[in-house]
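A.B. asks: My structure is in structure_27.cif, and what it holds is mmCIF, C-alpha atoms:
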data_final
loop_
_atom_site.group_PDB
_atom_site.id
_atom_site.type_symbol
_atom_site.label_atom_id
_atom_site.label_comp_id
_atom_site.auth_asym_id
_atom_site.auth_seq_id
_atom_site.Cartn_x
_atom_site.Cartn_y
_atom_site.Cartn_z
ATOM 1 C CA GLN A 1 4.858 21.470 -4.107
ATOM 2 C CA VAL A 2 6.601 18.517 -5.750
ATOM 3 C CA ASN A 3 9.036 18.475 -8.636
ATOM 4 C CA LEU A 4 10.356 15.174 -9.991
ATOM 5 C CA VAL A 5 13.196 15.187 -12.495
ATOM 6 C CA GLU A 6 13.910 11.937 -14.310
ATOM 7 C CA SER A 7 16.857 10.957 -16.421
ATOM 8 C CA GLY A 8 18.555 7.904 -17.867
ATOM 9 C CA GLY A 9 16.174 6.465 -20.425
ATOM 10 C CA GLY A 10 17.209 5.507 -23.909
ATOM 11 C CA LEU A 11 17.578 2.776 -26.497
ATOM 12 C CA VAL A 12 19.368 -0.441 -25.627
ATOM 13 C CA GLU A 13 19.674 -3.903 -27.111
ATOM 14 C CA ALA A 14 18.162 -6.921 -25.407
ATOM 15 C CA GLY A 15 20.415 -8.086 -22.599
ATOM 16 C CA GLY A 16 21.719 -4.606 -21.989
ATOM 17 C CA SER A 17 21.427 -2.303 -19.001
ATOM 18 C CA LEU A 18 20.148 1.157 -18.176
ATOM 19 C CA ARG A 19 20.047 3.218 -15.007
ATOM 20 C CA LEU A 20 17.212 5.616 -14.297
ATOM 21 C CA THR A 21 17.449 8.477 -11.827
ATOM 22 C CA CYS A 22 14.674 10.502 -10.218
ATOM 23 C CA ALA A 23 15.413 13.525 -8.066
ATOM 24 C CA ALA A 24 12.610 14.976 -5.965
ATOM 25 C CA SER A 25 12.205 18.497 -4.721
ATOM 26 C CA THR A 26 9.418 18.795 -2.203
ATOM 27 C CA LEU A 27 8.361 20.277 1.095
ATOM 28 C CA PHE A 28 6.200 17.244 1.791
ATOM 29 C CA SER A 29 7.365 14.422 4.005
ATOM 30 C CA ILE A 30 7.969 11.504 1.642
ATOM 31 C CA VAL A 31 6.298 8.153 2.277
ATOM 32 C CA SER A 32 7.679 6.316 -0.730
ATOM 33 C CA MET A 33 9.129 6.787 -4.186
ATOM 34 C CA GLY A 34 9.087 4.418 -7.068
ATOM 35 C CA TRP A 35 8.957 3.706 -10.760
ATOM 36 C CA PHE A 36 5.968 2.835 -12.893
ATOM 37 C CA ARG A 37 5.993 2.089 -16.591
ATOM 38 C CA GLN A 38 3.474 2.219 -19.393
ATOM 39 C CA PRO A 39 4.157 -0.152 -22.276
ATOM 40 C CA PRO A 40 2.720 0.796 -25.674
ATOM 41 C CA GLY A 41 -1.040 0.265 -25.699
ATOM 42 C CA LYS A 42 -1.142 -0.887 -22.080
ATOM 43 C CA GLU A 43 -1.931 0.573 -18.694
ATOM 44 C CA ARG A 44 0.620 2.009 -16.330
ATOM 45 C CA GLU A 45 2.050 -0.596 -13.950
ATOM 46 C CA LEU A 46 4.296 -0.638 -10.917
ATOM 47 C CA VAL A 47 7.903 -1.601 -11.570
ATOM 48 C CA ALA A 48 9.538 -1.017 -8.190
ATOM 49 C CA SER A 49 9.167 1.151 -5.120
ATOM 50 C CA ILE A 50 11.091 1.989 -1.995
ATOM 51 C CA ALA A 51 9.478 3.185 1.208
ATOM 52 C CA ILE A 52 10.871 5.688 3.654
ATOM 53 C CA ASP A 53 12.048 2.844 5.880
ATOM 54 C CA GLY A 54 13.919 1.267 2.969
ATOM 55 C CA THR A 55 11.436 -1.504 2.244
ATOM 56 C CA THR A 56 11.409 -2.359 -1.439
ATOM 57 C CA ASN A 57 8.736 -3.844 -3.663
ATOM 58 C CA TYR A 58 9.141 -5.201 -7.190
ATOM 59 C CA ALA A 59 6.884 -6.402 -9.953
ATOM 60 C CA ASP A 60 7.343 -10.132 -10.483
ATOM 61 C CA SER A 61 8.460 -9.529 -14.057
ATOM 62 C CA VAL A 62 11.531 -7.545 -12.962
ATOM 63 C CA LYS A 63 12.629 -9.410 -9.845
ATOM 64 C CA GLY A 64 16.247 -10.468 -10.101
ATOM 65 C CA ARG A 65 16.913 -8.057 -12.975
ATOM 66 C CA PHE A 66 16.078 -4.608 -11.589
ATOM 67 C CA ASN A 67 17.284 -2.977 -8.395
ATOM 68 C CA ILE A 68 15.864 0.157 -6.794
ATOM 69 C CA SER A 69 18.027 2.197 -4.455
ATOM 70 C CA ARG A 70 18.100 5.685 -3.026
ATOM 71 C CA ASN A 71 20.097 8.568 -1.689
ATOM 72 C CA LYS A 72 17.795 9.536 1.154
ATOM 73 C CA ALA A 73 19.570 12.799 1.921
ATOM 74 C CA ARG A 74 19.109 13.965 -1.677
ATOM 75 C CA ASN A 75 15.542 12.624 -2.136
ATOM 76 C CA THR A 76 16.838 10.717 -5.136
ATOM 77 C CA ILE A 77 16.081 7.197 -6.285
ATOM 78 C CA TYR A 78 17.760 5.019 -8.855
ATOM 79 C CA LEU A 79 16.561 2.075 -10.882
ATOM 80 C CA GLN A 80 19.310 -0.187 -12.168
ATOM 81 C CA MET A 81 17.872 -2.295 -14.968
ATOM 82 C CA ASP A 82 19.899 -5.283 -16.143
ATOM 83 C CA ASN A 83 19.227 -8.025 -18.649
ATOM 84 C CA LEU A 84 16.603 -5.904 -20.347
ATOM 85 C CA ASN A 85 14.210 -7.474 -22.795
ATOM 86 C CA PRO A 86 11.784 -5.987 -25.341
ATOM 87 C CA GLU A 87 8.884 -6.429 -22.897
ATOM 88 C CA ASP A 88 10.538 -3.785 -20.703
ATOM 89 C CA THR A 89 9.919 -1.162 -23.390
ATOM 90 C CA GLY A 90 7.739 1.736 -22.302
ATOM 91 C CA VAL A 91 7.606 5.155 -20.730
ATOM 92 C CA TYR A 92 8.954 5.023 -17.205
ATOM 93 C CA TYR A 93 7.467 7.422 -14.671
ATOM 94 C CA CYS A 94 8.819 8.380 -11.299
ATOM 95 C CA ASN A 95 6.199 8.362 -8.545
ATOM 96 C CA LEU A 96 6.174 9.987 -5.137
ATOM 97 C CA LYS A 97 3.737 9.467 -2.286
ATOM 98 C CA ALA A 98 3.742 11.906 0.594
ATOM 99 C CA ARG A 99 2.225 12.356 4.028
ATOM 100 C CA ARG A 100 -0.832 14.562 4.541
ATOM 101 C CA THR A 101 -2.039 14.100 0.972
ATOM 102 C CA THR A 102 -3.708 11.298 -0.936
ATOM 103 C CA ARG A 103 -2.442 12.648 -4.220
ATOM 104 C CA ASP A 104 0.184 10.802 -6.250
ATOM 105 C CA PHE A 105 2.920 12.884 -7.810
ATOM 106 C CA TRP A 106 4.452 11.974 -11.167
ATOM 107 C CA GLY A 107 7.477 12.860 -13.197
ATOM 108 C CA GLN A 108 7.280 13.723 -16.875
ATOM 109 C CA GLY A 109 8.338 10.235 -17.955
ATOM 110 C CA THR A 110 11.389 8.882 -19.720
ATOM 111 C CA GLN A 111 11.330 6.516 -22.674
ATOM 112 C CA VAL A 112 13.022 3.136 -22.444
ATOM 113 C CA THR A 113 13.224 1.130 -25.644
ATOM 114 C CA VAL A 114 14.725 -2.347 -25.783
ATOM 115 C CA SER A 115 15.397 -3.747 -29.222
ATOM 116 C CA SER A 116 15.457 -7.466 -29.948
#
Can I see the file as structure tokens?

C.D. replies:
Amino acid sequence: QVNLVESGGGLVEAGGSLRLTCAASTLFSIVSMGWFRQPPGKERELVASIAIDGTTNYADSVKGRFNISRNKARNTIYLQMDNLNPEDTGVYYCNLKARRTTRDFWGQGTQVTVSS
């Protein structure tokens, strides 16, 4: 029903940048897509999302540093992460919300590690 393929994680020094990509394959009508992250020993939290109308939402901790964008025709979203710091370390998961279902769909996760 939904397949999310993530790429772009890795190891970077503090102050560096990474770009994450999530490509969705689905027959559902998409409501929104976004990125969540799970730092070591902590719960999963929203990083950024983009709705079908283009409205974006960011966690306060990433505002001004991260930018979410999309290629609507390809059902693909991007997360440009600049000025990374060690607190950004975690597994980043792509999320998709669709019409006609209350279920959340998740990618397999991609590791982002920021060294100090």

A.B. asks: How many Å separate atom CA of Arg19 of chain A from atom CA of Arg99 of chain A?

C.D. replies: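 Interatomic distance here is 27.6 Å.
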
A.B. asks: Please write as a JSON list (two decimals) with C-alpha atoms, in the frame of the given file the list of polymer residues whose atoms come within 8 Å of (17.6, -12.2, -14.7), counting all atoms listed in the file and keeping to the coordinates of the file.

C.D. replies:
[["chain", "number", "residue", "atom", "x", "y", "z"],
["A", 62, "VAL", "CA", 11.53, -7.54, -12.96],
["A", 63, "LYS", "CA", 12.63, -9.41, -9.85],
["A", 64, "GLY", "CA", 16.25, -10.47, -10.10],
["A", 65, "ARG", "CA", 16.91, -8.06, -12.98],
["A", 82, "ASP", "CA", 19.90, -5.28, -16.14],
["A", 83, "ASN", "CA", 19.23, -8.02, -18.65]]

A.B. asks: Given the file shown, determine the residues that the PyMOL selection byres ((chain A and resi 11) around 8) selects; report them as a ChimeraX atom specification.

C.D. replies: /A:9-10,12-13,112-115

A.B. asks: Selection in question (the file shown): the PyMOL selection byres ((chain A and resi 25) around 7). Which residues does it include, as a VMD selection string?

C.D. replies: chain A and resid 2 to 4 23 to 24 26

A.B. asks: Report, in Å to a single decimal, how far apart atom CA of Arg37 of chain A and atom CA of Lys97 of chain A are.

C.D. replies: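 Taking atom CA of Lys97 of chain A and atom CA of Arg37 of chain A, their separation equals 16.3 Å.
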
A.B. asks: Which residues are near segment 69-78 of chain A? Cut-off 12 Å, only C-alpha atoms, ignore same chain within fewer than 5 positions. Put them as a PyMOL selection string.

C.D. replies: chain A and resi 2-9+18-35+48-58+94-96

A.B. asks: Please report, as JSON, the centre and edge lengths in Å to one decimal of an axis-aligned box covering all listed atoms of segment 48-63 of chain A with 8 Å per side.

C.D. replies:
{"center_x": 10.4, "center_y": -2.2, "center_z": -4.1, "size_x": 23.0, "size_y": 31.8, "size_z": 35.9}

A.B. asks: Atom CA of Leu79 of chain A and atom CA of Gln1 of chain A are how many Å apart?

C.D. replies: 23.6 Å

A.B. asks: Rank nothing, just name the residue among A:Glu87, A:Tyr92, A:Phe105, A:Gln80 nearest to Glu45 of chain A, using all atoms listed in the file.

C.D. replies: A:Tyr92
